[in-house]
file structure-v8.cif (mmCIF, C-alpha atoms and all ligand atoms)
data_my_file
#
loop_
_atom_site.label_atom_id
_atom_site.label_comp_id
_atom_site.auth_asym_id
_atom_site.auth_seq_id
_atom_site.Cartn_x
_atom_site.Cartn_y
_atom_site.Cartn_z
CA MET S 1 9.08 -14.59 90.89
CA ARG S 2 9.45 -14.31 87.13
CA LYS S 3 7.09 -12.06 85.28
CA LEU S 4 4.15 -13.81 83.63
CA LEU S 5 2.17 -13.07 80.52
CA THR S 6 -0.13 -10.14 80.91
CA GLY S 7 -3.69 -9.45 79.87
CA GLY S 8 -6.67 -7.47 81.09
CA ILE S 9 -6.52 -4.14 82.85
CA PRO S 10 -3.10 -3.40 84.36
CA ALA S 11 -2.97 -3.13 88.14
CA THR S 12 -0.46 -1.24 90.20
CA ARG S 13 0.63 -1.81 93.79
CA LYS S 14 -1.26 1.31 94.79
CA ASN S 15 -4.64 0.35 93.38
CA LEU S 16 -4.29 -3.29 94.49
CA GLY S 17 -3.57 -2.18 98.02
CA SER S 18 -7.03 -0.77 98.54
CA ASN S 19 -8.55 -4.20 97.95
CA MET S 20 -6.17 -6.20 100.12
CA LYS S 21 -7.27 -6.26 103.72
CA ASN S 22 -5.38 -9.39 104.66
CA LYS S 23 -2.45 -11.63 103.91
CA LEU S 24 -4.40 -13.98 101.69
CA THR S 25 -5.80 -13.13 98.29
CA LEU S 26 -7.79 -15.42 96.04
CA VAL S 27 -7.16 -14.81 92.36
CA GLY S 28 -9.90 -16.06 90.05
CA LEU S 29 -8.13 -16.55 86.73
CA GLU S 30 -10.23 -16.61 83.56
CA ILE S 31 -13.28 -17.66 85.56
CA GLU S 32 -16.32 -18.42 83.47
CA GLY S 33 -19.88 -19.32 84.33
CA ASP S 34 -22.04 -16.62 85.91
CA TRP S 35 -22.91 -18.96 88.76
CA ASN S 36 -19.26 -19.26 89.84
CA ILE S 37 -18.79 -15.57 90.64
CA PRO S 38 -21.18 -15.35 93.65
CA LEU S 39 -19.90 -18.73 94.83
CA LEU S 40 -16.31 -17.47 94.78
CA ARG S 41 -17.40 -14.32 96.60
CA ASN S 42 -19.07 -16.46 99.24
CA ALA S 43 -15.92 -18.60 99.64
CA VAL S 44 -13.87 -15.46 100.20
CA GLU S 45 -16.40 -13.82 102.54
CA LEU S 46 -16.34 -16.94 104.69
CA SER S 47 -12.61 -16.58 105.09
CA ASP S 48 -10.30 -13.70 105.90
CA ALA S 49 -9.14 -13.33 102.30
CA SER S 50 -9.59 -10.79 99.53
CA LEU S 51 -10.74 -11.54 96.01
CA VAL S 52 -9.47 -10.31 92.68
CA PHE S 53 -10.20 -11.49 89.19
CA SER S 54 -7.78 -11.71 86.33
CA GLN S 55 -8.57 -12.42 82.73
CA GLY S 56 -5.04 -13.64 82.04
CA LYS S 57 -4.14 -13.81 78.40
CA ASN S 58 -7.73 -13.85 77.22
CA PRO S 59 -9.43 -10.72 78.43
CA THR S 60 -13.16 -11.14 77.98
CA GLU S 61 -16.01 -9.48 79.77
CA ALA S 62 -15.32 -8.31 83.31
CA PRO S 63 -17.00 -10.42 85.99
CA ALA S 64 -15.74 -8.25 88.83
CA LYS S 65 -17.38 -5.62 91.01
CA ALA S 66 -15.56 -2.33 91.38
CA ASN S 67 -13.67 -3.46 94.49
CA GLU S 68 -12.66 -6.77 92.94
CA LEU S 69 -10.01 -5.33 90.77
CA LEU S 70 -9.88 -6.87 87.33
CA ALA S 71 -6.16 -7.15 86.92
CA GLY S 72 -3.55 -8.55 84.57
CA ILE S 73 -2.05 -11.72 85.98
CA ASP S 74 1.49 -10.45 85.51
CA GLU S 75 1.05 -7.39 87.69
CA LEU S 76 -1.00 -9.30 90.22
CA LEU S 77 1.59 -11.99 90.83
CA GLY S 78 4.27 -9.45 91.60
CA GLU S 79 2.17 -8.32 94.57
CA TYR S 80 2.53 -11.47 96.65
CA ASP S 81 5.35 -12.97 98.71
CA HIS S 82 4.25 -16.47 97.66
CA VAL S 83 1.96 -17.59 94.90
CA LEU S 84 0.11 -20.90 95.03
CA ALA S 85 -1.78 -22.29 92.09
CA CYS S 86 -4.62 -24.64 92.99
CA GLU S 87 -4.72 -27.51 90.52
CA ALA S 88 -4.83 -31.30 90.78
CA THR S 89 -1.80 -32.39 88.73
CA GLU S 90 0.63 -35.26 89.32
CA GLN S 91 3.22 -32.82 90.60
CA SER S 92 0.88 -30.99 92.96
CA ARG S 93 1.53 -31.00 96.68
CA CYS S 94 -1.38 -32.00 98.87
CA VAL S 95 -2.61 -28.79 100.50
CA TYR S 96 -3.11 -30.65 103.80
CA ASP S 97 0.66 -31.32 103.85
CA TYR S 98 1.73 -27.84 102.89
CA PRO S 99 2.99 -25.70 105.80
CA VAL S 100 1.94 -22.18 104.92
CA PRO S 101 4.82 -19.71 104.51
CA ARG S 102 4.68 -16.28 106.12
CA GLY S 103 3.81 -13.23 104.11
CA HIS S 104 1.14 -12.28 101.66
CA LEU S 105 -0.12 -15.38 99.83
CA GLY S 106 -1.80 -15.27 96.44
CA LEU S 107 -3.99 -18.32 95.65
CA ILE S 108 -4.87 -18.83 92.00
CA VAL S 109 -7.90 -20.84 90.93
CA GLY S 110 -8.58 -21.48 87.30
CA ASN S 111 -11.11 -21.84 84.56
CA GLU S 112 -13.77 -24.54 84.91
CA ARG S 113 -12.85 -26.20 81.60
CA ASN S 114 -9.15 -25.50 81.16
CA GLY S 115 -7.82 -25.05 84.68
CA VAL S 116 -4.80 -22.84 85.43
CA PRO S 117 -2.68 -22.53 82.23
CA HIS S 118 0.50 -24.67 82.17
CA ASP S 119 2.84 -21.71 81.74
CA ILE S 120 1.51 -20.22 84.97
CA LEU S 121 1.72 -23.52 86.85
CA LYS S 122 5.44 -23.59 85.98
CA LYS S 123 6.08 -20.16 87.36
CA VAL S 124 4.29 -20.12 90.72
CA ASN S 125 6.01 -21.03 94.00
CA GLN S 126 3.86 -24.11 94.59
CA VAL S 127 0.99 -26.00 92.99
CA VAL S 128 -1.34 -27.41 95.64
CA SER S 129 -4.22 -29.83 95.34
CA ILE S 130 -7.09 -31.28 97.31
CA PRO S 131 -6.73 -35.08 97.19
CA MET S 132 -9.09 -36.65 94.65
CA LEU S 133 -10.02 -40.26 95.38
CA GLY S 134 -13.01 -40.86 93.11
CA GLN S 135 -12.34 -42.67 89.87
CA GLY S 136 -12.75 -40.49 86.79
CA MET S 137 -13.25 -37.24 88.70
CA SER S 138 -10.30 -34.94 88.11
CA SER S 139 -11.58 -31.83 89.84
CA VAL S 140 -14.27 -30.28 91.99
CA ASN S 141 -16.16 -27.04 91.34
CA VAL S 142 -13.81 -24.04 91.31
CA ALA S 143 -15.51 -22.24 94.23
CA VAL S 144 -15.59 -25.48 96.21
CA ALA S 145 -11.85 -25.90 95.62
CA ALA S 146 -11.26 -22.28 96.65
CA ALA S 147 -13.33 -22.64 99.84
CA ILE S 148 -11.51 -25.82 100.89
CA ILE S 149 -8.04 -24.49 100.17
CA LEU S 150 -8.77 -21.19 101.94
CA TYR S 151 -10.02 -23.16 104.95
CA VAL S 152 -6.93 -25.39 105.07
CA VAL S 153 -4.43 -22.60 104.43
CA GLU S 154 -5.96 -20.17 106.92
CA ARG S 155 -5.73 -22.76 109.67
CA ASP S 156 -2.33 -23.96 108.49
CA LEU S 157 -3.61 -27.52 108.98
CA ALA S 158 -0.32 -29.06 107.82
CA ARG S 159 1.29 -27.81 111.03
CA LYS S 160 -1.52 -29.16 113.20
CA ARG S 161 -0.53 -32.81 112.58
CA PHE S 162 -3.98 -34.27 113.00
CA ARG S 163 -4.22 -37.95 113.86
CA THR S 164 -5.58 -40.23 111.13
CA SER S 165 -8.44 -42.48 112.28
CA THR S 166 -8.30 -46.21 111.59
CA LEU S 167 -11.79 -45.87 110.08
CA SER S 168 -12.18 -45.82 106.31
CA HIS S 169 -14.81 -44.30 104.03
CA ARG S 170 -16.83 -47.51 104.30
CA ASP S 171 -17.29 -46.85 108.02
CA ILE S 172 -18.75 -43.37 107.51
CA ASP S 173 -22.15 -42.95 105.91
CA VAL S 174 -23.22 -39.48 104.86
CA LEU S 175 -26.80 -38.22 105.19
CA VAL S 176 -27.60 -34.92 103.45
CA LEU S 177 -30.65 -32.98 104.68
CA GLY S 178 -32.83 -30.72 102.52
CA PRO S 179 -30.47 -29.34 99.85
CA PRO S 180 -31.97 -26.07 98.55
CA ASP S 181 -31.54 -26.63 94.81
CA PRO S 182 -30.28 -29.25 92.37
CA SER S 183 -27.01 -27.50 91.51
CA GLU S 184 -26.00 -27.14 95.16
CA LEU S 185 -26.72 -30.81 95.77
CA GLY S 186 -25.12 -31.90 92.49
CA SER S 187 -21.93 -30.03 93.28
CA LEU S 188 -21.82 -31.60 96.75
CA LEU S 189 -22.28 -35.04 95.16
CA ARG S 190 -19.36 -34.27 92.87
CA SER S 191 -17.28 -33.51 95.98
CA ALA S 192 -18.53 -36.59 97.84
CA TRP S 193 -17.48 -38.90 94.99
CA ALA S 194 -14.21 -37.00 94.49
CA PHE S 195 -13.36 -37.36 98.18
CA GLY S 196 -13.96 -41.10 98.30
CA TRP S 197 -17.62 -41.82 99.09
CA GLN S 198 -19.47 -44.35 96.96
CA ARG S 199 -22.93 -43.81 98.37
CA LEU S 200 -24.86 -41.12 100.19
CA PHE S 201 -28.29 -40.88 101.82
CA LEU S 202 -30.58 -37.96 101.08
CA ASN S 203 -33.55 -36.35 102.80
CA ASP S 204 -34.88 -34.54 99.72
CA ARG S 205 -37.44 -32.25 101.33
CA HIS S 206 -37.34 -29.75 98.45
CA GLY S 207 -37.55 -32.38 95.71
CA VAL S 208 -34.27 -31.44 94.03
CA TRP S 209 -33.09 -34.99 93.22
CA PHE S 210 -35.87 -37.56 93.52
CA THR S 211 -38.15 -35.79 91.08
CA LYS S 212 -39.70 -36.23 87.65
CA ASP S 213 -39.06 -32.63 86.64
CA ARG S 214 -36.67 -32.84 83.71
CA GLN S 215 -35.01 -29.46 84.22
CA THR S 216 -34.31 -30.23 87.88
CA ILE S 217 -32.91 -33.64 86.99
CA LEU S 218 -30.64 -32.19 84.31
CA ALA S 219 -29.36 -29.38 86.58
CA GLY S 220 -28.53 -31.79 89.39
CA ARG S 221 -26.84 -34.39 87.20
CA ALA S 222 -24.82 -31.73 85.36
CA ALA S 223 -23.48 -30.22 88.61
CA ALA S 224 -22.72 -33.71 89.92
CA ARG S 225 -20.77 -34.49 86.73
CA GLY S 226 -23.08 -37.43 86.25
CA GLU S 227 -21.08 -38.77 83.31
CA VAL S 228 -18.20 -39.77 85.61
CA ASN S 229 -19.81 -39.70 89.04
CA ARG S 230 -21.02 -43.14 90.10
CA ILE S 231 -22.09 -42.24 93.61
CA VAL S 232 -25.31 -44.01 94.64
CA VAL S 233 -27.89 -41.65 96.16
CA ARG S 234 -30.43 -43.37 98.40
CA PRO S 235 -33.53 -41.98 100.12
CA TRP S 236 -32.83 -41.45 103.79
CA GLU S 237 -35.66 -43.83 104.77
CA GLN S 238 -33.33 -46.69 103.77
CA LEU S 239 -31.01 -45.83 106.64
CA SER S 240 -31.06 -48.07 109.67
CA LEU S 241 -30.15 -45.81 112.58
CA PRO S 242 -29.42 -48.66 115.03
CA ASP S 243 -26.53 -49.68 112.71
CA TYR S 244 -24.53 -46.64 113.80
CA ASP S 245 -22.35 -46.36 116.87
CA GLN S 246 -22.06 -42.62 116.54
CA ILE S 247 -24.17 -39.96 114.82
CA VAL S 248 -22.43 -36.67 114.08
CA VAL S 249 -24.56 -33.71 112.97
CA CYS S 250 -23.04 -30.74 111.18
CA ASP S 251 -25.61 -27.99 110.63
CA GLY S 252 -25.66 -24.24 110.25
CA THR S 253 -25.63 -23.54 113.97
CA HIS S 254 -22.36 -22.86 115.72
CA SER S 255 -22.76 -25.47 118.37
CA GLY S 256 -20.54 -28.35 119.29
CA THR S 257 -16.96 -29.00 118.20
CA PRO S 258 -15.38 -26.96 115.40
CA LEU S 259 -14.53 -29.16 112.42
CA SER S 260 -10.86 -28.16 112.57
CA ARG S 261 -10.65 -29.76 116.05
CA PHE S 262 -12.97 -32.69 115.53
CA ALA S 263 -11.39 -36.14 116.00
CA LEU S 264 -13.01 -39.21 114.49
CA PRO S 265 -13.29 -42.35 116.60
CA ASP S 266 -11.11 -45.38 115.83
CA ARG S 267 -13.84 -47.97 115.70
CA GLY S 268 -17.51 -48.42 115.00
CA LYS S 269 -19.81 -47.08 112.32
CA VAL S 270 -20.49 -43.36 112.02
CA LEU S 271 -23.38 -41.49 110.42
CA LEU S 272 -22.34 -38.01 109.34
CA VAL S 273 -25.38 -35.75 108.89
CA TYR S 274 -25.05 -32.50 106.94
CA GLY S 275 -27.60 -29.80 106.17
CA ASP S 276 -29.47 -26.85 107.63
CA ASP S 277 -32.70 -28.74 108.20
CA GLU S 278 -33.61 -30.05 111.60
CA PRO S 279 -32.42 -33.66 111.69
CA PRO S 280 -35.18 -36.27 111.62
CA LEU S 281 -36.33 -37.87 114.84
CA GLY S 282 -33.97 -40.54 116.00
CA VAL S 283 -30.97 -38.70 114.51
CA ARG S 284 -31.60 -35.65 116.68
CA GLU S 285 -31.63 -37.36 120.06
CA SER S 286 -28.44 -39.36 119.90
CA SER S 287 -26.13 -37.08 118.00
CA GLU S 288 -22.92 -35.22 118.62
CA ARG S 289 -22.68 -31.75 117.07
CA ILE S 290 -19.92 -30.26 114.99
CA TYR S 291 -19.77 -27.17 112.78
CA VAL S 292 -17.64 -25.88 109.95
CA ASP S 293 -15.68 -23.11 111.65
CA HIS S 294 -15.50 -20.47 108.96
CA CYS S 295 -13.52 -17.36 109.85
CA ALA S 296 -16.55 -15.11 109.30
CA ALA S 297 -19.25 -16.63 111.47
CA LYS S 298 -21.87 -14.11 110.32
CA THR S 299 -21.67 -14.90 106.59
CA ALA S 300 -24.17 -17.51 105.48
CA PRO S 301 -22.26 -20.24 103.62
CA CYS S 302 -23.50 -21.73 100.36
CA PHE S 303 -24.70 -25.28 100.85
CA ARG S 304 -22.05 -26.85 98.63
CA LEU S 305 -19.15 -24.97 100.22
CA SER S 306 -19.62 -25.93 103.88
CA GLY S 307 -20.60 -29.48 102.86
CA SER S 308 -17.55 -29.93 100.67
CA ILE S 309 -15.18 -28.53 103.32
CA LEU S 310 -16.73 -30.98 105.78
CA LEU S 311 -16.30 -33.99 103.47
CA SER S 312 -12.79 -33.07 102.39
CA VAL S 313 -11.54 -32.60 105.98
CA ILE S 314 -13.21 -35.81 107.18
CA SER S 315 -11.86 -37.74 104.18
CA GLN S 316 -8.38 -36.50 104.98
CA ARG S 317 -8.64 -37.92 108.51
CA LEU S 318 -9.67 -41.38 107.33
CA ARG S 319 -7.57 -44.37 106.45
CA ARG S 320 -7.40 -44.59 102.68
CA SER S 321 -9.39 -47.69 101.69
CA ARG S 322 -9.87 -47.00 98.04
CA ARG S 323 -8.07 -45.12 95.32
CA GLY S 324 -8.36 -44.30 91.70
C1 LIG U 1 -13.13 -27.49 87.43
S1 LIG U 1 -11.51 -27.13 87.75
C2 LIG U 1 -10.76 -27.20 86.13
C3 LIG U 1 -10.20 -28.50 85.86
C4 LIG U 1 -9.79 -28.64 84.41
N1 LIG U 1 -10.87 -29.16 83.68
C5 LIG U 1 -8.62 -29.58 84.32
O1 LIG U 1 -8.85 -30.75 84.42
O2 LIG U 1 -7.50 -29.07 84.21
C6 LIG U 1 -11.50 -25.41 88.03
C7 LIG U 1 -10.46 -24.97 89.00
O3 LIG U 1 -10.80 -25.43 90.30
C8 LIG U 1 -9.63 -25.69 91.06
N2 LIG U 1 -9.65 -27.09 91.48
C9 LIG U 1 -10.62 -27.99 91.23
N3 LIG U 1 -10.34 -29.17 91.80
C10 LIG U 1 -9.17 -29.01 92.46
C11 LIG U 1 -8.35 -29.87 93.27
N4 LIG U 1 -8.68 -31.14 93.50
N5 LIG U 1 -7.22 -29.36 93.78
C12 LIG U 1 -6.87 -28.07 93.57
N6 LIG U 1 -7.60 -27.21 92.82
C13 LIG U 1 -8.74 -27.68 92.27
C14 LIG U 1 -8.46 -25.38 90.16
O4 LIG U 1 -8.00 -24.08 90.40
C15 LIG U 1 -9.06 -25.48 88.76
O5 LIG U 1 -8.37 -24.70 87.82
#
call {"tool": "encode", "arguments": {"input": "structure-v8.cif", "output": "structure tokens"}}
result
Amino acid sequence: MRKLLTGGIPATRKNLGSNMKNKLTLVGLEIEGDWNIPLLRNAVELSDASLVFSQGKNPTEAPAKANELLAGIDELLGEYDHVLACEATEQSRCVYDYPVPRGHLGLIVGNERNGVPHDILKKVNQVVSIPMLGQGMSSVNVAVAAAIILYVVERDLARKRFRTSTLSHRDIDVLVLGPPDPSELGSLLRSAWAFGWQRLFLNDRHGVWFTKDRQTILAGRAAARGEVNRIVVRPWEQLSLPDYDQIVVCDGTHSGTPLSRFALPDRGKVLLVYGDDEPPLGVRESSERIYVDHCAAKTAPCFRLSGSILLSVISQRLRRSRRG
């Protein structure tokens, strides 16, 4: 690997080593937004990876804790056998089709506004992306992207050759239960639109979407990228349960089939229910259970992260009915 431009506090192999427990390290490059730091930490804690931050060419204030070494990108990249940059560009390789090489992998995720700089994209071993199907949506939240890519890479899903269902997005309705706050829901709506859904049903027990409170409305719409996101959010009471041939519930409990092994049916209409709340009557009785099989079962996942992994993996197993 060629040397890259350096910034921030230099790191050496010795001091990096203490922070690297595994063969996968997430590198947050020029991350901004205070809210993204705990989300990235959660994404990493759910997986078997380590986390470091780099301020690249523009060292600003340090977001990292002491054990999340704030390192120069140049020194960091020399530490890995392979470096992947996560970015949705025309040249990117779909992460679901990327067989993971052996060795220590560094995964770079970039700044919320600017992404991973072009000069770095040119120098890494591979640029990988999560397929984006929703018109006008070029990216998902950085921690969401990290969580999905860590999930796919850790399971080496490209080598698992999962069968694609003949169902399309139109055959799968999504019901979201009790999101805890407007930003978590908004970010999940951004993912849902990005991964190909045009509508979604919501049981809004905490009043984070169907509300008159202006601040709540603004927070939710901002996280959803409301200016480009045309997903239609409907109250769950508009669902007609008898319309579904199969109801699949994915909640916080570890019961049922792990998502990585879950096969969709080839016919019928499916209701996919996501959320920690107890499913409403009628959904509960007739459902099949699945769960997002994070590596660290004891870490509580952020709402948006498990939900987005779920929708991305399911979307990947569907026939593509709609693009761009
Ligand atoms: C919000 S995105 C920045 C996108 C930036 N505005 C752009 O269009 O270049 C923040 C980071 O999340 C990651 N990311 C978001 N969506 C992604 C996707 N579909 N595939 C791979 N990485 C993604 C990338 O690392 C990206 O740099």
call {"tool": "residues_near_ligand", "arguments": {"input": "structure-v8.cif", "ligand": "ligand LIG 1 (chain U)", "cutoff": "9 Å", "atoms": "all atoms listed in the file", "output": "PyMOL selection string"}}
result
chain S and resi 28-29+31+85-89+92+94-95+107-117+127-132+137-146+148-149+194
call {"tool": "write_last_selection", "arguments": {"input": "structure-v8.cif", "atoms": "C-alpha atoms", "output": "PDB file, in the frame of the given file"}}
result
ATOM      1  CA  GLY S  28      -9.900 -16.060  90.050  1.00  0.00           C
ATOM      2  CA  LEU S  29      -8.130 -16.550  86.730  1.00  0.00           C
ATOM      3  CA  ILE S  31     -13.280 -17.660  85.560  1.00  0.00           C
ATOM      4  CA  ALA S  85      -1.780 -22.290  92.090  1.00  0.00           C
ATOM      5  CA  CYS S  86      -4.620 -24.640  92.990  1.00  0.00           C
ATOM      6  CA  GLU S  87      -4.720 -27.510  90.520  1.00  0.00           C
ATOM      7  CA  ALA S  88      -4.830 -31.300  90.780  1.00  0.00           C
ATOM      8  CA  THR S  89      -1.800 -32.390  88.730  1.00  0.00           C
ATOM      9  CA  SER S  92       0.880 -30.990  92.960  1.00  0.00           C
ATOM     10  CA  CYS S  94      -1.380 -32.000  98.870  1.00  0.00           C
ATOM     11  CA  VAL S  95      -2.610 -28.790 100.500  1.00  0.00           C
ATOM     12  CA  LEU S 107      -3.990 -18.320  95.650  1.00  0.00           C
ATOM     13  CA  ILE S 108      -4.870 -18.830  92.000  1.00  0.00           C
ATOM     14  CA  VAL S 109      -7.900 -20.840  90.930  1.00  0.00           C
ATOM     15  CA  GLY S 110      -8.580 -21.480  87.300  1.00  0.00           C
ATOM     16  CA  ASN S 111     -11.110 -21.840  84.560  1.00  0.00           C
ATOM     17  CA  GLU S 112     -13.770 -24.540  84.910  1.00  0.00           C
ATOM     18  CA  ARG S 113     -12.850 -26.200  81.600  1.00  0.00           C
ATOM     19  CA  ASN S 114      -9.150 -25.500  81.160  1.00  0.00           C
ATOM     20  CA  GLY S 115      -7.820 -25.050  84.680  1.00  0.00           C
ATOM     21  CA  VAL S 116      -4.800 -22.840  85.430  1.00  0.00           C
ATOM     22  CA  PRO S 117      -2.680 -22.530  82.230  1.00  0.00           C
ATOM     23  CA  VAL S 127       0.990 -26.000  92.990  1.00  0.00           C
ATOM     24  CA  VAL S 128      -1.340 -27.410  95.640  1.00  0.00           C
ATOM     25  CA  SER S 129      -4.220 -29.830  95.340  1.00  0.00           C
ATOM     26  CA  ILE S 130      -7.090 -31.280  97.310  1.00  0.00           C
ATOM     27  CA  PRO S 131      -6.730 -35.080  97.190  1.00  0.00           C
ATOM     28  CA  MET S 132      -9.090 -36.650  94.650  1.00  0.00           C
ATOM     29  CA  MET S 137     -13.250 -37.240  88.700  1.00  0.00           C
ATOM     30  CA  SER S 138     -10.300 -34.940  88.110  1.00  0.00           C
ATOM     31  CA  SER S 139     -11.580 -31.830  89.840  1.00  0.00           C
ATOM     32  CA  VAL S 140     -14.270 -30.280  91.990  1.00  0.00           C
ATOM     33  CA  ASN S 141     -16.160 -27.040  91.340  1.00  0.00           C
ATOM     34  CA  VAL S 142     -13.810 -24.040  91.310  1.00  0.00           C
ATOM     35  CA  ALA S 143     -15.510 -22.240  94.230  1.00  0.00           C
ATOM     36  CA  VAL S 144     -15.590 -25.480  96.210  1.00  0.00           C
ATOM     37  CA  ALA S 145     -11.850 -25.900  95.620  1.00  0.00           C
ATOM     38  CA  ALA S 146     -11.260 -22.280  96.650  1.00  0.00           C
ATOM     39  CA  ILE S 148     -11.510 -25.820 100.890  1.00  0.00           C
ATOM     40  CA  ILE S 149      -8.040 -24.490 100.170  1.00  0.00           C
ATOM     41  CA  ALA S 194     -14.210 -37.000  94.490  1.00  0.00           C
TER      42      ALA S 194
END
call {"tool": "closest_atom_pairs", "arguments": {"input": "structure-v8.cif", "of": "stretch 243-290 of chain S", "to": "stretch 200-213 of chain S", "cutoff": "12 Å", "atoms": "all atoms listed in the file", "output": "tab-separated table"}}
result
residue	atom	partner	partner_atom	distance
S:Leu271	CA	S:Phe201	CA	9.9
S:Leu272	CA	S:Leu200	CA	10.0
S:Val273	CA	S:Phe201	CA	9.2
S:Tyr274	CA	S:Leu202	CA	9.7
S:Gly275	CA	S:Asn203	CA	9.5
S:Asp276	CA	S:Asn203	CA	11.4
S:Asp277	CA	S:Arg205	CA	9.1
S:Glu278	CA	S:Asn203	CA	10.8
S:Pro279	CA	S:Asn203	CA	9.4
S:Pro280	CA	S:Asn203	CA	9.0
call {"tool": "write_last_selection", "arguments": {"input": "structure-v8.cif", "atoms": "C-alpha atoms", "output": "tab-separated table (two decimals), in the coordinates of the input"}}
result
chain	number	residue	atom	x	y	z
S	271	LEU	CA	-23.38	-41.49	110.42
S	272	LEU	CA	-22.34	-38.01	109.34
S	273	VAL	CA	-25.38	-35.75	108.89
S	274	TYR	CA	-25.05	-32.50	106.94
S	275	GLY	CA	-27.60	-29.80	106.17
S	276	ASP	CA	-29.47	-26.85	107.63
S	277	ASP	CA	-32.70	-28.74	108.20
S	278	GLU	CA	-33.61	-30.05	111.60
S	279	PRO	CA	-32.42	-33.66	111.69
S	280	PRO	CA	-35.18	-36.27	111.62
call {"tool": "closest_residue", "arguments": {"input": "structure-v8.cif", "among": "S:Leu188, S:Val233, S:Leu175, S:Leu150", "to": "S:Asp251", "atoms": "all atoms listed in the file"}}
result
S:Leu175
call {"tool": "closest_residue", "arguments": {"input": "structure-v8.cif", "among": "S:Thr299, S:Ser260, S:Ser312, S:Gln55", "to": "S:Phe162", "atoms": "only C-alpha atoms"}}
result
S:Ser260
call {"tool": "atom_distance", "arguments": {"input": "structure-v8.cif", "atom1": "atom CA of S:Asp48", "atom2": "atom CA of S:Tyr96"}}
result
18.5 Å
call {"tool": "closest_atom_pairs", "arguments": {"input": "structure-v8.cif", "of": "stretch 166-191 of chain S", "to": "stretch 214-230 of chain S", "cutoff": "12 Å", "atoms": "all atoms listed in the file", "output": "JSON lines"}}
result
{"residue": "S:Pro179", "atom": "CA", "partner": "S:Gly220", "partner_atom": "CA", "distance": 10.9}
{"residue": "S:Pro180", "atom": "CA", "partner": "S:Gly220", "partner_atom": "CA", "distance": 11.3}
{"residue": "S:Asp181", "atom": "CA", "partner": "S:Gly220", "partner_atom": "CA", "distance": 8.1}
{"residue": "S:Pro182", "atom": "CA", "partner": "S:Gly220", "partner_atom": "CA", "distance": 4.3}
{"residue": "S:Ser183", "atom": "CA", "partner": "S:Gly220", "partner_atom": "CA", "distance": 5.0}
{"residue": "S:Glu184", "atom": "CA", "partner": "S:Ala223", "partner_atom": "CA", "distance": 7.7}
{"residue": "S:Leu185", "atom": "CA", "partner": "S:Gly220", "partner_atom": "CA", "distance": 6.7}
{"residue": "S:Gly186", "atom": "CA", "partner": "S:Ala224", "partner_atom": "CA", "distance": 4.0}
{"residue": "S:Ser187", "atom": "CA", "partner": "S:Ala223", "partner_atom": "CA", "distance": 4.9}
{"residue": "S:Leu188", "atom": "CA", "partner": "S:Ala224", "partner_atom": "CA", "distance": 7.2}
{"residue": "S:Leu189", "atom": "CA", "partner": "S:Ala224", "partner_atom": "CA", "distance": 5.4}
{"residue": "S:Arg190", "atom": "CA", "partner": "S:Ala224", "partner_atom": "CA", "distance": 4.5}
{"residue": "S:Ser191", "atom": "CA", "partner": "S:Ala224", "partner_atom": "CA", "distance": 8.1}
call {"tool": "residues_around", "arguments": {"input": "structure-v8.cif", "residues": "S:Val270", "least_positions_apart": "4", "cutoff": "8 Å", "atoms": "all atoms listed in the file", "output": "ChimeraX atom specification"}}
result
/S:171-173,244-248
call {"tool": "closest_residue", "arguments": {"input": "structure-v8.cif", "among": "S:Lys23, S:Arg93, S:Arg320, S:Arg159", "to": "S:Glu79", "atoms": "all atoms listed in the file"}}
result
S:Lys23
call {"tool": "residues_around", "arguments": {"input": "structure-v8.cif", "residues": "S:Glu288", "least_positions_apart": "2", "cutoff": "9 Å", "atoms": "only C-alpha atoms", "output": "number ranges by chain"}}
result
S: 246-250, 256-257, 284, 286, 290
call {"tool": "atom_distance", "arguments": {"input": "structure-v8.cif", "atom1": "atom CA of S:Asp156", "atom2": "atom CA of S:Leu121"}}
result
22.0 Å
call {"tool": "atom_distance", "arguments": {"input": "structure-v8.cif", "atom1": "atom CA of S:Asn42", "atom2": "atom CA of S:Pro301"}}
result
6.6 Å
call {"tool": "residues_near_point", "arguments": {"input": "structure-v8.cif", "point": "(2.6, -28.1, 106.5)", "cutoff": "6 Å", "atoms": "only C-alpha atoms", "output": "number ranges by chain"}}
result
S: 97-99, 158-159
call {"tool": "closest_residue", "arguments": {"input": "structure-v8.cif", "among": "S:Leu24, S:Leu84, S:Leu318, S:Leu241", "to": "S:Ser287", "atoms": "all atoms listed in the file"}}
result
S:Leu241
call {"tool": "residues_around", "arguments": {"input": "structure-v8.cif", "residues": "S:Ala263", "least_positions_apart": "3", "cutoff": "10 Å", "atoms": "all atoms listed in the file", "output": "number ranges by chain"}}
result
S: 162-165, 257, 259-260, 266, 314, 317
call {"tool": "write_last_selection", "arguments": {"input": "structure-v8.cif", "atoms": "C-alpha atoms", "output": "tab-separated table (two decimals), in the frame of the given file"}}
result
chain	number	residue	atom	x	y	z
S	162	PHE	CA	-3.98	-34.27	113.00
S	163	ARG	CA	-4.22	-37.95	113.86
S	164	THR	CA	-5.58	-40.23	111.13
S	165	SER	CA	-8.44	-42.48	112.28
S	257	THR	CA	-16.96	-29.00	118.20
S	259	LEU	CA	-14.53	-29.16	112.42
S	260	SER	CA	-10.86	-28.16	112.57
S	266	ASP	CA	-11.11	-45.38	115.83
S	314	ILE	CA	-13.21	-35.81	107.18
S	317	ARG	CA	-8.64	-37.92	108.51
